[in-house]
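In what follows, a single structure is set out as structure tokens and then discussed.
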Amino acid sequence: SQPHIRRILVNIVGGITRCDEVANGLVEALREARRTGVELAVRLSGFMEDEGRRILLEAGIEAFSTLEEALTRVVG
């Protein structure tokens with residue numbers, strides 16, 4: 001709902017948080033928002049990380065291993 005926002009950083013460091021569930025939630029939220037032109041950088045680290053990365057990749061969203069990589073993508 002904020003048209004001036006062009007980039008979003010999501011930083012998930014899951015202990016007991018399942019990265020696959022977070023990834024599914026992000027994909028669904030983006031689908032519902034129907035926004036285009038917003039760059040999303042996601043850092044996933046933790047439980048079910050590989051599955052979360054796969055889900056995001058299939059949705060066309062790149063997941064990063066480190067916060068520094070994700071920040072570089074968002075900041076430019």
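Going by the structure tokens order, chains are called A, B, ..., each with residues numbered from 1, while ligands are numbered from 1 in the order shown.
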
Residues within 12 Å of Gly76 of chain A, please, as a PyMOL selection string. Count only C-alpha atoms; anything in the same chain fewer than 4 positions from it doesn't count. chain A and resi 7+39+41+68-72

Next, dump the selected residues to file, keeping only C-alpha atoms, as a PDB file, in the first residue's frame.
```pdb
ATOM      1  CA  ARG A   7      12.922  -2.329  -2.244  1.00  0.00           C
ATOM      2  CA  GLU A  39      12.712  -5.558  -5.487  1.00  0.00           C
ATOM      3  CA  ALA A  41      15.952  -9.371  -1.102  1.00  0.00           C
ATOM      4  CA  GLU A  68      25.695  -8.567   3.660  1.00  0.00           C
ATOM      5  CA  GLU A  69      24.723 -10.106   0.294  1.00  0.00           C
ATOM      6  CA  ALA A  70      21.083  -9.165   0.781  1.00  0.00           C
ATOM      7  CA  LEU A  71      21.973  -5.617   1.859  1.00  0.00           C
ATOM      8  CA  THR A  72      24.192  -5.182  -1.189  1.00  0.00           C
TER       9      THR A  72
END
```

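One distance worth recording is that between atom CA of Phe47 of chain A and atom CA of Ile61 of chain A, which is 18.9 Å.
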
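Look at Glu21 of chain A: the protein and nucleic acid residues within 12 Å of it, using only C-alpha atoms and passing over chain neighbours fewer than 2 places away, are Ile12, Gly14, Ile16, Thr17, Arg18, Cys19, Ala23, Asn24, Gly25, Leu26, Val27, Glu28, Leu44, Gly46, Phe47, Met48, Glu49, Asp50, Glu51, Gly52, Arg53, Arg54, Ile55 and Leu56 of chain A.
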
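Here the question is which of A:Val75, A:Val22, A:Leu67, A:Ile8 gets nearest to Gly37 of chain A using only C-alpha atoms, and that residue is A:Ile8.
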
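We find atom CA of Ser45 of chain A and atom CA of Gln2 of chain A to be spaced 27.7 Å apart.
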
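Distances from A:Leu9, A:Asp20, A:Glu58, A:Pro3 to Ala33 of chain A were compared using only C-alpha atoms, and the smallest one belongs to A:Pro3.
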
With DSSP run on the backbone, what are the helix (DSSP H, G or I) residues within chain A? I'd like them as a count of residues only. 34

Atom CA of Val42 of chain A to atom CA of Glu62 of chain A measures 6.8 Å
